[in-house]
Each structure stands twice: as structure tokens, then as C-alpha cells.
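Below is entry_18.cif, holding mmCIF, C-alpha atoms and all ligand atoms.
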data_target
#
loop_
_atom_site.group_PDB
_atom_site.id
_atom_site.type_symbol
_atom_site.label_atom_id
_atom_site.label_comp_id
_atom_site.auth_asym_id
_atom_site.auth_seq_id
_atom_site.Cartn_x
_atom_site.Cartn_y
_atom_site.Cartn_z
ATOM 1 C CA MET A 24 39.216 -15.456 -26.051
ATOM 2 C CA PRO A 25 38.259 -19.007 -27.152
ATOM 3 C CA GLU A 26 36.421 -20.942 -24.453
ATOM 4 C CA SER A 27 39.150 -23.576 -24.371
ATOM 5 C CA ASP A 28 41.842 -20.996 -23.420
ATOM 6 C CA ARG A 29 39.870 -19.495 -20.581
ATOM 7 C CA LEU A 30 41.041 -21.908 -17.902
ATOM 8 C CA SER A 31 44.686 -22.317 -18.822
ATOM 9 C CA GLY A 32 47.112 -20.705 -16.364
ATOM 10 C CA ARG A 33 44.337 -19.722 -13.956
ATOM 11 C CA THR A 34 43.555 -20.971 -10.452
ATOM 12 C CA ALA A 35 40.544 -22.865 -9.123
ATOM 13 C CA VAL A 36 39.574 -23.638 -5.539
ATOM 14 C CA VAL A 37 37.401 -26.740 -5.135
ATOM 15 C CA THR A 38 35.882 -27.692 -1.779
ATOM 16 C CA GLY A 39 34.923 -31.254 -0.912
ATOM 17 C CA ALA A 40 37.745 -32.385 -3.192
ATOM 18 C CA ALA A 41 39.135 -35.425 -1.352
ATOM 19 C CA GLY A 42 36.938 -37.716 -3.456
ATOM 20 C CA GLY A 43 33.710 -37.963 -5.431
ATOM 21 C CA ILE A 44 32.550 -35.053 -7.579
ATOM 22 C CA GLY A 45 35.020 -32.576 -6.029
ATOM 23 C CA ALA A 46 38.050 -34.735 -6.861
ATOM 24 C CA ALA A 47 36.703 -35.237 -10.393
ATOM 25 C CA LEU A 48 36.169 -31.480 -10.789
ATOM 26 C CA ALA A 49 39.712 -30.790 -9.613
ATOM 27 C CA ALA A 50 41.069 -33.349 -12.087
ATOM 28 C CA GLU A 51 39.003 -31.994 -15.001
ATOM 29 C CA LEU A 52 40.095 -28.419 -14.278
ATOM 30 C CA GLY A 53 43.718 -29.491 -13.834
ATOM 31 C CA VAL A 54 43.749 -31.421 -17.102
ATOM 32 C CA ARG A 55 42.342 -28.312 -18.826
ATOM 33 C CA GLY A 56 45.304 -26.272 -17.582
ATOM 34 C CA MET A 57 44.249 -24.749 -14.250
ATOM 35 C CA SER A 58 46.211 -24.766 -11.021
ATOM 36 C CA VAL A 59 43.931 -26.300 -8.411
ATOM 37 C CA VAL A 60 43.574 -25.844 -4.660
ATOM 38 C CA LEU A 61 41.753 -28.849 -3.234
ATOM 39 C CA ALA A 62 40.060 -28.378 0.159
ATOM 40 C CA ASP A 63 38.371 -30.971 2.337
ATOM 41 C CA ILE A 64 37.722 -31.786 5.985
ATOM 42 C CA ASP A 65 39.390 -35.142 5.219
ATOM 43 C CA GLU A 66 42.931 -33.804 5.295
ATOM 44 C CA ILE A 67 44.700 -37.090 4.586
ATOM 45 C CA GLY A 68 42.342 -37.860 1.693
ATOM 46 C CA VAL A 69 42.632 -34.427 0.115
ATOM 47 C CA ARG A 70 46.419 -34.399 0.309
ATOM 48 C CA ARG A 71 46.458 -37.822 -1.350
ATOM 49 C CA THR A 72 44.111 -36.671 -4.136
ATOM 50 C CA ALA A 73 46.222 -33.551 -4.719
ATOM 51 C CA ALA A 74 49.377 -35.687 -4.876
ATOM 52 C CA GLU A 75 47.737 -37.917 -7.504
ATOM 53 C CA LEU A 76 46.996 -34.827 -9.601
ATOM 54 C CA GLN A 77 50.577 -33.600 -9.193
ATOM 55 C CA ASP A 78 51.718 -36.980 -10.529
ATOM 56 C CA ARG A 79 49.602 -36.234 -13.625
ATOM 57 C CA GLY A 80 51.425 -32.925 -14.116
ATOM 58 C CA VAL A 81 48.788 -30.667 -12.518
ATOM 59 C CA ARG A 82 49.781 -27.806 -10.210
ATOM 60 C CA ALA A 83 47.679 -28.945 -7.250
ATOM 61 C CA LEU A 84 47.709 -28.389 -3.501
ATOM 62 C CA GLY A 85 45.560 -30.137 -0.898
ATOM 63 C CA TYR A 86 44.393 -28.436 2.308
ATOM 64 C CA GLY A 87 42.562 -29.765 5.347
ATOM 65 C CA VAL A 88 39.664 -27.297 5.724
ATOM 66 C CA ASP A 89 36.322 -27.337 7.534
ATOM 67 C CA VAL A 90 34.108 -25.152 5.356
ATOM 68 C CA ALA A 91 31.696 -24.731 8.277
ATOM 69 C CA ASP A 92 34.432 -22.873 10.199
ATOM 70 C CA PRO A 93 34.981 -19.304 8.918
ATOM 71 C CA GLY A 94 38.507 -19.236 10.422
ATOM 72 C CA SER A 95 39.501 -22.415 8.602
ATOM 73 C CA VAL A 96 38.125 -21.018 5.320
ATOM 74 C CA ALA A 97 39.946 -17.697 5.832
ATOM 75 C CA GLU A 98 43.198 -19.674 6.172
ATOM 76 C CA LEU A 99 42.368 -21.513 2.946
ATOM 77 C CA ALA A 100 41.852 -18.216 1.115
ATOM 78 C CA ALA A 101 45.087 -16.750 2.493
ATOM 79 C CA ALA A 102 47.054 -19.865 1.504
ATOM 80 C CA SER A 103 45.489 -19.954 -1.992
ATOM 81 C CA TYR A 104 46.381 -16.327 -2.745
ATOM 82 C CA GLU A 105 49.837 -16.690 -1.221
ATOM 83 C CA GLU A 106 50.578 -19.787 -3.294
ATOM 84 C CA PHE A 107 48.998 -18.840 -6.631
ATOM 85 C CA GLY A 108 48.507 -15.040 -6.494
ATOM 86 C CA SER A 109 44.917 -15.090 -7.765
ATOM 87 C CA VAL A 110 41.766 -17.219 -7.764
ATOM 88 C CA GLU A 111 39.559 -17.124 -10.848
ATOM 89 C CA LEU A 112 37.210 -20.025 -10.137
ATOM 90 C CA LEU A 113 35.558 -20.947 -6.845
ATOM 91 C CA CYS A 114 33.697 -24.274 -6.737
ATOM 92 C CA ASN A 115 31.610 -24.546 -3.578
ATOM 93 C CA ASN A 116 31.101 -28.271 -3.774
ATOM 94 C CA ALA A 117 31.551 -29.670 -0.238
ATOM 95 C CA GLY A 118 28.273 -31.156 0.893
ATOM 96 C CA VAL A 119 26.798 -33.742 3.219
ATOM 97 C CA LEU A 120 23.633 -35.821 3.084
ATOM 98 C CA LEU A 121 21.220 -37.453 5.518
ATOM 99 C CA PHE A 122 18.105 -39.313 4.501
ATOM 100 C CA GLY A 123 15.219 -40.065 6.877
ATOM 101 C CA PRO A 124 11.986 -38.512 8.180
ATOM 102 C CA VAL A 125 12.002 -34.980 9.564
ATOM 103 C CA ALA A 126 10.293 -36.227 12.723
ATOM 104 C CA ASP A 127 13.232 -38.543 13.513
ATOM 105 C CA ALA A 128 15.921 -35.944 12.846
ATOM 106 C CA THR A 129 17.668 -34.140 15.685
ATOM 107 C CA ILE A 130 18.533 -30.465 15.708
ATOM 108 C CA GLY A 131 22.150 -31.685 15.570
ATOM 109 C CA ASP A 132 21.377 -33.409 12.249
ATOM 110 C CA TRP A 133 19.927 -30.190 10.852
ATOM 111 C CA ARG A 134 22.766 -28.035 12.187
ATOM 112 C CA TRP A 135 25.381 -30.337 10.674
ATOM 113 C CA LEU A 136 23.666 -30.410 7.246
ATOM 114 C CA SER A 137 23.145 -26.672 7.146
ATOM 115 C CA SER A 138 26.578 -25.868 8.592
ATOM 116 C CA VAL A 139 28.264 -27.607 5.660
ATOM 117 C CA ASN A 140 25.779 -27.218 2.792
ATOM 118 C CA VAL A 141 24.673 -23.632 3.457
ATOM 119 C CA GLU A 142 27.095 -21.927 5.853
ATOM 120 C CA GLY A 143 30.050 -23.663 4.205
ATOM 121 C CA MET A 144 29.102 -22.106 0.880
ATOM 122 C CA LEU A 145 28.573 -18.681 2.497
ATOM 123 C CA ASN A 146 31.881 -18.841 4.399
ATOM 124 C CA CYS A 147 33.714 -19.518 1.149
ATOM 125 C CA LEU A 148 31.881 -16.755 -0.703
ATOM 126 C CA HIS A 149 32.771 -14.293 2.061
ATOM 127 C CA ALA A 150 36.408 -15.386 2.080
ATOM 128 C CA PHE A 151 36.993 -15.331 -1.697
ATOM 129 C CA LEU A 152 34.506 -12.961 -3.323
ATOM 130 C CA PRO A 153 35.906 -9.605 -2.151
ATOM 131 C CA ARG A 154 39.276 -10.329 -3.792
ATOM 132 C CA MET A 155 37.673 -11.941 -6.836
ATOM 133 C CA SER A 156 35.443 -8.868 -7.276
ATOM 134 C CA ARG A 157 38.411 -6.480 -7.151
ATOM 135 C CA ALA A 158 40.216 -8.459 -9.861
ATOM 136 C CA SER A 159 39.472 -8.248 -13.581
ATOM 137 C CA GLY A 160 39.234 -10.709 -16.463
ATOM 138 C CA TRP A 161 37.478 -14.053 -16.513
ATOM 139 C CA ARG A 162 36.140 -15.166 -13.092
ATOM 140 C CA HIS A 163 33.451 -17.656 -12.088
ATOM 141 C CA VAL A 164 31.668 -19.182 -9.092
ATOM 142 C CA MET A 165 29.986 -22.579 -9.187
ATOM 143 C CA ASN A 166 27.844 -23.889 -6.341
ATOM 144 C CA THR A 167 26.806 -27.524 -6.113
ATOM 145 C CA ALA A 168 23.147 -28.050 -5.219
ATOM 146 C CA SER A 169 21.233 -31.203 -6.179
ATOM 147 C CA THR A 170 18.314 -32.457 -8.242
ATOM 148 C CA HIS A 171 16.743 -32.856 -4.777
ATOM 149 C CA ALA A 172 16.144 -29.090 -4.770
ATOM 150 C CA PHE A 173 13.714 -29.544 -7.687
ATOM 151 C CA LEU A 174 11.579 -32.464 -6.544
ATOM 152 C CA PRO A 175 7.888 -32.040 -5.668
ATOM 153 C CA ASP A 176 8.056 -34.803 -3.031
ATOM 154 C CA THR A 177 11.107 -34.800 -0.774
ATOM 155 C CA ALA A 178 9.879 -37.359 1.764
ATOM 156 C CA THR A 179 13.026 -38.973 3.254
ATOM 157 C CA SER A 180 15.235 -36.110 2.037
ATOM 158 C CA ALA A 181 13.447 -33.053 3.430
ATOM 159 C CA LEU A 182 16.311 -31.593 5.466
ATOM 160 C CA TYR A 183 18.938 -32.238 2.804
ATOM 161 C CA SER A 184 16.608 -30.820 0.142
ATOM 162 C CA ALA A 185 15.988 -27.748 2.294
ATOM 163 C CA THR A 186 19.720 -27.021 2.421
ATOM 164 C CA LYS A 187 19.985 -27.475 -1.346
ATOM 165 C CA HIS A 188 17.003 -25.137 -1.867
ATOM 166 C CA ALA A 189 19.120 -22.582 -0.012
ATOM 167 C CA VAL A 190 22.009 -23.225 -2.396
ATOM 168 C CA VAL A 191 19.674 -22.633 -5.353
ATOM 169 C CA GLY A 192 18.382 -19.384 -3.854
ATOM 170 C CA VAL A 193 21.827 -18.026 -3.041
ATOM 171 C CA THR A 194 23.256 -19.029 -6.411
ATOM 172 C CA LEU A 195 20.520 -17.504 -8.562
ATOM 173 C CA GLY A 196 20.672 -14.286 -6.533
ATOM 174 C CA LEU A 197 24.447 -14.220 -6.795
ATOM 175 C CA ARG A 198 24.278 -14.626 -10.565
ATOM 176 C CA SER A 199 22.354 -11.349 -10.816
ATOM 177 C CA GLU A 200 24.485 -9.607 -8.183
ATOM 178 C CA LEU A 201 27.814 -10.457 -9.800
ATOM 179 C CA ALA A 202 26.849 -9.896 -13.422
ATOM 180 C CA ASP A 203 27.933 -6.240 -13.279
ATOM 181 C CA ASP A 204 31.335 -7.280 -11.886
ATOM 182 C CA GLY A 205 31.785 -9.632 -14.850
ATOM 183 C CA ILE A 206 31.780 -12.740 -12.627
ATOM 184 C CA GLY A 207 29.806 -15.684 -13.996
ATOM 185 C CA VAL A 208 27.813 -17.957 -11.714
ATOM 186 C CA THR A 209 26.630 -21.519 -12.339
ATOM 187 C CA LEU A 210 24.428 -23.844 -10.305
ATOM 188 C CA LEU A 211 25.460 -27.492 -10.596
ATOM 189 C CA CYS A 212 22.723 -30.023 -9.851
ATOM 190 C CA PRO A 213 23.966 -33.589 -9.853
ATOM 191 C CA GLY A 214 21.641 -36.507 -9.268
ATOM 192 C CA GLN A 215 22.604 -40.080 -8.483
ATOM 193 C CA ALA A 216 26.382 -39.855 -8.913
ATOM 194 C CA ALA A 217 28.638 -42.765 -7.932
ATOM 195 C CA THR A 218 30.257 -41.314 -4.798
ATOM 196 C CA ARG A 219 30.410 -41.985 -1.046
ATOM 197 C CA ILE A 220 27.795 -39.324 -0.209
ATOM 198 C CA LEU A 221 25.529 -41.923 1.485
ATOM 199 C CA ASP A 222 28.355 -42.338 4.003
ATOM 200 C CA ALA A 223 28.698 -38.580 4.535
ATOM 201 C CA GLN A 224 28.567 -39.056 8.297
ATOM 202 C CA ARG A 225 32.055 -40.551 8.104
ATOM 203 C CA ASN A 226 33.192 -36.928 8.393
ATOM 204 C CA ARG A 227 30.524 -35.669 10.830
ATOM 205 C CA PRO A 228 32.217 -33.776 13.669
ATOM 206 C CA ASP A 229 31.332 -34.981 17.221
ATOM 207 C CA GLY A 230 29.909 -31.576 18.166
ATOM 208 C CA PHE A 231 26.711 -32.293 16.190
ATOM 209 C CA GLY A 232 25.624 -35.193 18.415
ATOM 210 C CA ARG A 233 24.998 -38.842 17.678
ATOM 211 C CA ARG A 234 25.148 -40.090 14.124
ATOM 212 C CA ALA A 235 21.792 -40.779 12.473
ATOM 213 C CA ARG A 236 20.915 -44.186 11.028
ATOM 214 C CA GLU A 237 21.217 -44.034 7.242
ATOM 215 C CA PRO A 238 18.093 -45.827 5.902
ATOM 216 C CA PHE A 239 19.558 -46.581 2.464
ATOM 217 C CA GLY A 240 22.893 -47.965 3.674
ATOM 218 C CA THR A 241 26.290 -46.359 3.254
ATOM 219 C CA GLY A 242 27.607 -47.898 0.046
ATOM 220 C CA VAL A 243 28.554 -46.123 -3.162
ATOM 221 C CA ILE A 244 25.394 -45.000 -5.009
ATOM 222 C CA PRO A 245 24.477 -47.728 -7.558
ATOM 223 C CA LEU A 246 23.286 -47.308 -11.191
ATOM 224 C CA ALA A 247 24.811 -43.886 -11.112
ATOM 225 C CA ILE A 248 26.551 -41.382 -13.333
ATOM 226 C CA GLU A 249 30.332 -41.337 -12.888
ATOM 227 C CA PRO A 250 31.821 -38.317 -11.069
ATOM 228 C CA HIS A 251 34.099 -37.518 -14.037
ATOM 229 C CA ASP A 252 31.005 -37.216 -16.283
ATOM 230 C CA VAL A 253 29.465 -34.806 -13.767
ATOM 231 C CA ALA A 254 32.736 -32.860 -13.728
ATOM 232 C CA ARG A 255 32.942 -32.680 -17.521
ATOM 233 C CA ALA A 256 29.367 -31.369 -17.791
ATOM 234 C CA ALA A 257 30.067 -28.875 -14.992
ATOM 235 C CA VAL A 258 33.231 -27.474 -16.570
ATOM 236 C CA ASP A 259 31.558 -27.194 -19.988
ATOM 237 C CA GLY A 260 28.711 -25.315 -18.271
ATOM 238 C CA ILE A 261 31.135 -23.016 -16.459
ATOM 239 C CA LEU A 262 32.857 -22.152 -19.755
ATOM 240 C CA ARG A 263 29.503 -21.257 -21.322
ATOM 241 C CA ASN A 264 28.401 -19.412 -18.161
ATOM 242 C CA GLU A 265 25.297 -21.595 -18.019
ATOM 243 C CA PRO A 266 22.982 -20.688 -15.138
ATOM 244 C CA LEU A 267 22.110 -24.355 -14.542
ATOM 245 C CA VAL A 268 23.866 -27.647 -15.183
ATOM 246 C CA PHE A 269 22.061 -30.917 -14.481
ATOM 247 C CA ALA A 270 24.178 -34.059 -14.418
ATOM 248 C CA LEU A 271 22.303 -37.297 -13.869
ATOM 249 C CA PRO A 272 22.182 -40.788 -15.369
ATOM 250 C CA GLU A 273 20.587 -40.845 -18.817
ATOM 251 C CA PHE A 274 17.923 -43.385 -17.795
ATOM 252 C CA THR A 275 16.656 -41.119 -14.960
ATOM 253 C CA ARG A 276 16.282 -38.024 -17.162
ATOM 254 C CA ASP A 277 12.634 -38.551 -18.165
ATOM 255 C CA THR A 278 11.552 -39.331 -14.617
ATOM 256 C CA PHE A 279 13.313 -36.222 -13.363
ATOM 257 C CA ARG A 280 11.727 -34.063 -16.083
ATOM 258 C CA ASN A 281 8.297 -35.427 -15.163
ATOM 259 C CA GLN A 282 8.959 -34.563 -11.521
ATOM 260 C CA VAL A 283 9.958 -31.007 -12.396
ATOM 261 C CA GLU A 284 6.831 -30.698 -14.558
ATOM 262 C CA GLU A 285 4.751 -32.004 -11.654
ATOM 263 C CA MET A 286 6.162 -29.157 -9.542
ATOM 264 C CA TRP A 287 5.048 -26.612 -12.166
ATOM 265 C CA ARG A 288 1.674 -28.360 -12.504
ATOM 266 C CA LEU A 289 1.142 -27.951 -8.754
ATOM 267 C CA ALA A 290 1.976 -24.249 -9.037
ATOM 268 C CA ASP A 291 -0.245 -23.900 -12.091
ATOM 269 C CA ASP A 292 -3.162 -25.574 -10.308
ATOM 270 C CA ALA A 293 -2.708 -23.344 -7.291
ATOM 271 C CA LEU A 294 -2.610 -20.203 -9.420
ATOM 272 C CA GLY A 295 -5.677 -21.319 -11.390
ATOM 273 C CA ALA A 296 -7.543 -22.110 -8.213
ATOM 274 C CA ARG A 297 -6.707 -18.706 -6.787
ATOM 275 C CA ALA A 298 -7.955 -16.978 -9.942
ATOM 276 C CA GLU A 299 -11.260 -18.782 -9.470
ATOM 277 C CA THR A 300 -11.558 -17.888 -5.784
ATOM 278 C CA PRO A 301 -14.733 -15.805 -5.543
ATOM 279 C CA TYR A 302 -13.556 -12.632 -3.784
ATOM 280 C CA PRO A 303 -16.495 -10.501 -2.784
ATOM 281 C CA ALA A 304 -16.848 -7.503 -5.057
ATOM 282 C CA GLY A 305 -16.024 -4.269 -3.221
ATOM 283 C CA ASP A 306 -19.119 -2.572 -1.941
HETATM 284 N N1 LIG A 401 26.508 -38.073 -5.357
HETATM 285 C C1 LIG A 401 25.316 -37.623 -5.688
HETATM 286 O O1 LIG A 401 24.457 -38.373 -6.193
HETATM 287 C C2 LIG A 401 24.958 -36.188 -5.482
HETATM 288 C C3 LIG A 401 23.699 -35.773 -5.929
HETATM 289 C C4 LIG A 401 23.348 -34.443 -5.759
HETATM 290 C C5 LIG A 401 24.231 -33.551 -5.181
HETATM 291 N N2 LIG A 401 25.456 -33.994 -4.741
HETATM 292 C C6 LIG A 401 26.320 -32.988 -4.127
HETATM 293 O O2 LIG A 401 27.608 -33.077 -4.694
HETATM 294 C C7 LIG A 401 28.571 -32.561 -3.770
HETATM 295 C C8 LIG A 401 29.737 -33.532 -3.674
HETATM 296 O O3 LIG A 401 29.265 -34.732 -3.067
HETATM 297 P P1 LIG A 401 29.771 -36.187 -3.530
HETATM 298 O O4 LIG A 401 28.601 -36.895 -4.074
HETATM 299 O O5 LIG A 401 31.007 -36.076 -4.309
HETATM 300 O O6 LIG A 401 30.038 -36.865 -2.105
HETATM 301 P P2 LIG A 401 31.400 -37.208 -1.359
HETATM 302 O O7 LIG A 401 30.996 -37.632 0.012
HETATM 303 O O8 LIG A 401 32.211 -38.122 -2.182
HETATM 304 O O9 LIG A 401 32.139 -35.794 -1.324
HETATM 305 C C9 LIG A 401 31.819 -34.782 -0.415
HETATM 306 C C10 LIG A 401 33.107 -34.260 0.180
HETATM 307 O O10 LIG A 401 32.808 -33.179 1.075
HETATM 308 C C11 LIG A 401 33.691 -33.300 2.171
HETATM 309 N N3 LIG A 401 33.200 -32.582 3.342
HETATM 310 C C12 LIG A 401 32.221 -32.956 4.197
HETATM 311 N N4 LIG A 401 32.105 -32.063 5.193
HETATM 312 C C13 LIG A 401 33.024 -31.083 4.950
HETATM 313 C C14 LIG A 401 33.378 -29.897 5.617
HETATM 314 N N5 LIG A 401 32.761 -29.524 6.759
HETATM 315 N N6 LIG A 401 34.370 -29.134 5.106
HETATM 316 C C15 LIG A 401 35.012 -29.512 3.968
HETATM 317 N N7 LIG A 401 34.717 -30.643 3.297
HETATM 318 C C16 LIG A 401 33.728 -31.417 3.777
HETATM 319 C C17 LIG A 401 33.781 -34.790 2.414
HETATM 320 O O11 LIG A 401 34.914 -35.141 3.199
HETATM 321 C C18 LIG A 401 33.821 -35.343 1.005
HETATM 322 O O12 LIG A 401 35.143 -35.513 0.536
HETATM 323 C C19 LIG A 401 27.812 -32.347 -2.466
HETATM 324 O O13 LIG A 401 27.484 -30.979 -2.332
HETATM 325 C C20 LIG A 401 26.560 -33.177 -2.651
HETATM 326 O O14 LIG A 401 25.488 -32.700 -1.869
HETATM 327 C C21 LIG A 401 25.835 -35.281 -4.892
#
Output the file's structure as C-alpha cells, nothing else.
Amino acid sequence: MPESDRLSGRTAVVTGAAGGIGAALAAELGVRGMSVVLADIDEIGVRRTAAELQDRGVRALGYGVDVADPGSVAELAAASYEEFGSVELLCNNAGVLLFGPVADATIGDWRWLSSVNVEGMLNCLHAFLPRMSRASGWRHVMNTASTHAFLPDTATSALYSATKHAVVGVTLGLRSELADDGIGVTLLCPGQAATRILDAQRNRPDGFGRRAREPFGTGVIPLAIEPHDVARAAVDGILRNEPLVFALPEFTRDTFRNQVEEMWRLADDALGARAETPYPAGD
């Protein structure tokens, strides 16, 4: 089947789809012929975004869902299958961000970040994968991590980066696990996209304690790649079953590559140093 026909008539679920990258993903998938279930903790926002897609002729439904709550995600899965009969593409995209030093962060900060970025992804995998695995034909999972999972120095983003490291680990493992079932898996790593992620605490539930001060302000990220460009790269990557898709502004590419190389250089140095460690010869 030609790549371009793969999406048409099929159903995608996109979390974190009220705005930003998730809304752009939903739009890109809808324009390419998929029915789309949009899920977000911002129920009013996600219903509005879904309505805008419907106005553009896309079969779209918006659901208020807290991905950190397994019950809420189970309801999303039930509603998606009831409405559309099947789900071929799951985009675990909902995510939240906090910058700032580890020493200043509360356990509530960490629990909130990990509840959305890590447990949210796992809750969705548990809710959708069993039925996706039993189905046949083209199926795919995409998880959104971040370039922050590949940086050698994550000062000011340590906790966020830690959660995105978890997304990388789960996604790469899943890619091997699901290969035999014929389900493709892609890791999306955006960097510096023009969204409201710096104001992620706008949707922080009270149960995680006081809101942290955001050191870089809460405006839309400047000098950034547009969400629809991230979405286009992501969907192209999904169609080619790419393991990794990076989507970042062109002018930051070289810096990012240098940072990734620095990571490998550190590993290389450490391995070299170990080889030179004078272990006593067995006597
Ligand atoms: N914008 C960037 O520069 C950038 C860079 C790297 C990675 N990312 C990742 O991209 C993804 C999308 O972020 P974005 O930049 O579009 O930000 P965004 O804030 O515009 O979108 C995130 C969405 O997730 C939703 N959300 C938050 N908590 C939720 C929960 N518990 N349940 C369901 N939905 C919830 C928010 O309401 C919001 O609509 C995230 O995983 C983020 O970590 C973004």
C-alpha cells in the first residue's frame, strides 16, 4: 500500500491535543484522511480544537481526559472504540514541563511531571495496546519525548529531562517488543516549538501542591519551530516507521548535534579511561 494511503479511513488518538503540538498533529492526521480522537485535561480547549477540525471536514471528537488517571484513560479508550470501531494510531503526546534546580523542586513537582510524562504514557499504552495488538493491518504508536533527553548538561531541566529519558527508554523497548505484532513505533523529539509548554502549570492539578516559579517566564517559546512543522515531520516519520524524529528550528540543529556528540565523547572518554585502568593481573 502506498504510504499516502495508509492513514486514510483509519483512526488516531492524540493526547495533549487542546493546543500546541498535539492540536497540530491532530490537524495533520485529519487533513491526511484519519478520524481523530483528541484528548486533553483542558476539556473546554480540546472540544474547541476538535470543533475547529470538524469545521475543516475532519471526523474529530474532543474528550476531557487526565492521562495520569488510569480510569479516565480507560473511558477514553472505551469511547474511542465505541465511536470509531478501531484505533490504528496512538500518539502519546501530552506532556508538562518545569524548569529550575533539582534542589528547589518539591516531591509534588516531580510527581506531577512524572504522572503526566511517564505514567500518562503508560496508562495510554495499557488502555489501547491490547486491542491494537489483537487487530491486524497497519498500526503505529508514537511517543513524544524531547531533545532534552539527549543533552549532556540538563542543569535547569533535570526533572523534566529525567521524565523524557523514561519516554525514550520505554519507546525504544516498545519498538522491539511490538515489531513481531507488526506495530510500528516512533519516538518524536521536538525542541523549541512555539507552544504554551512554559505555562504547563496552567493545568497542574491542586493535588500536587503549590505551583513552582517558572524561571524563564510563561510566554510562548520564542525563535521556535511552528507546531505544524513538528506535526508534518512527525507524520512523515510515522509513515516511514522511523525510530526517531527530531523536529527543531533549523538554526539550532548544529548546536544540538554538537551536544549529542559531546554526550558520545563523554562516553568514549569514560570507556577509554576504563580500558587504561591498570587492573592487577591475576595471581
Ligand atoms: N514545545 C516544545 O518546545 C517542546 C519541546 C520538546 C518536547 N515537547 C513535548 O511536546 C509535547 C506537547 O507539548 P506542547 O509543546 O505542545 O505544549 P502544550 O502545553 O501546548 O501542550 C501540552 C498539552 O498537554 C495537556 N496536558 C497537560 N497535562 C495533561 C494531563 N494530565 N492529561 C491530558 N492532557 C494534559 C495540556 O493541557 C496541553 O494542551 C509534550 O510532551 C512536551 O513535553 C515540547
So that I can check the surroundings of A:His188, please list as an MDAnalysis selection string every protein, DNA and RNA residue that reaches within 10 Å of it, counting all atoms listed in the file and ignoring chain neighbours fewer than 4 positions away. chainID A and resid 141 168:173 182:184 192:194
Can you spell out as a PyMOL selection string the set of residues that the PyMOL selection byres (((chain A and resi 197) around 10) and not hetatm) selects in the structure I just provided? chain A and resi 148+164+191-196+198-202+206-209
As a PDB file with C-alpha atoms, keeping the file's coordinate frame, please: the residues near A:Leu120 (cut-off 9 Å, only C-alpha atoms, same-chain neighbours under 5 positions excluded).
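Ended up saving to out_16.pdb:
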ATOM      1  CA  LEU A 136      23.666 -30.410   7.246  1.00  0.00           C
ATOM      2  CA  ASN A 140      25.779 -27.218   2.792  1.00  0.00           C
ATOM      3  CA  SER A 180      15.235 -36.110   2.037  1.00  0.00           C
ATOM      4  CA  LEU A 182      16.311 -31.593   5.466  1.00  0.00           C
ATOM      5  CA  TYR A 183      18.938 -32.238   2.804  1.00  0.00           C
ATOM      6  CA  ILE A 220      27.795 -39.324  -0.209  1.00  0.00           C
ATOM      7  CA  LEU A 221      25.529 -41.923   1.485  1.00  0.00           C
ATOM      8  CA  ASP A 222      28.355 -42.338   4.003  1.00  0.00           C
ATOM      9  CA  ALA A 223      28.698 -38.580   4.535  1.00  0.00           C
ATOM     10  CA  GLN A 224      28.567 -39.056   8.297  1.00  0.00           C
TER      11      GLN A 224
END
Taking all atoms listed in the file into account, produce a table as a Markdown table in which each residue of stretch 31-84 of chain A with an atom at most 12 Å from an atom of stretch 88-106 of chain A appears once, together with its shortest atom pair and the distance in Å to one decimal, ordered by chain and rising number.
| residue | atom | partner | partner_atom | distance |
| --- | --- | --- | --- | --- |
| A:Arg33 | CA | A:Tyr104 | CA | 11.9 |
| A:Thr34 | CA | A:Ser103 | CA | 8.7 |
| A:Ala35 | CA | A:Ser103 | CA | 9.2 |
| A:Val36 | CA | A:Ser103 | CA | 7.8 |
| A:Val37 | CA | A:Leu99 | CA | 10.8 |
| A:Thr38 | CA | A:Val90 | CA | 7.8 |
| A:Gly39 | CA | A:Val90 | CA | 8.8 |
| A:Ala40 | CA | A:Val88 | CA | 10.4 |
| A:Ala41 | CA | A:Val88 | CA | 10.8 |
| A:Ser58 | CA | A:Glu106 | CA | 10.2 |
| A:Val59 | CA | A:Ser103 | CA | 9.2 |
| A:Val60 | CA | A:Ser103 | CA | 6.7 |
| A:Leu61 | CA | A:Val88 | CA | 9.3 |
| A:Ala62 | CA | A:Val88 | CA | 5.7 |
| A:Asp63 | CA | A:Val88 | CA | 5.2 |
| A:Ile64 | CA | A:Val88 | CA | 4.9 |
| A:Asp65 | CA | A:Val88 | CA | 7.9 |
| A:Glu66 | CA | A:Val88 | CA | 7.3 |
| A:Ile67 | CA | A:Val88 | CA | 11.1 |
| A:Gly68 | CA | A:Val88 | CA | 11.6 |
| A:Val69 | CA | A:Val88 | CA | 9.5 |
| A:Arg70 | CA | A:Val88 | CA | 11.2 |
| A:Arg82 | CA | A:Glu106 | CA | 10.6 |
| A:Ala83 | CA | A:Glu106 | CA | 10.4 |
| A:Leu84 | CA | A:Ser103 | CA | 8.9 |
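Atom CA of A:Leu112 sits 28.7 Å away from atom CA of A:Leu174.
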To test the calculation: enclose all listed atoms of ligand LIG 401 (chain A) in a box whose edges run along x, y and z, add 8 Å on each side, then state centre and edge lengths in Å to one decimal, as AutoDock Vina command-line options.
--center_x 29.2 --center_y -33.8 --center_z 0.3 --size_x 27.8 --size_y 25.2 --size_z 29.0
In Å, how far is it from atom CA of A:Phe107 to atom CA of A:Ala46? 19.3 Å
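For the residues A:Arg288, A:Arg276, A:Arg55, A:Lys187, ranking by smallest atom-to-atom distance to ligand LIG 401 (chain A) using all atoms listed in the file places A:Lys187 first.
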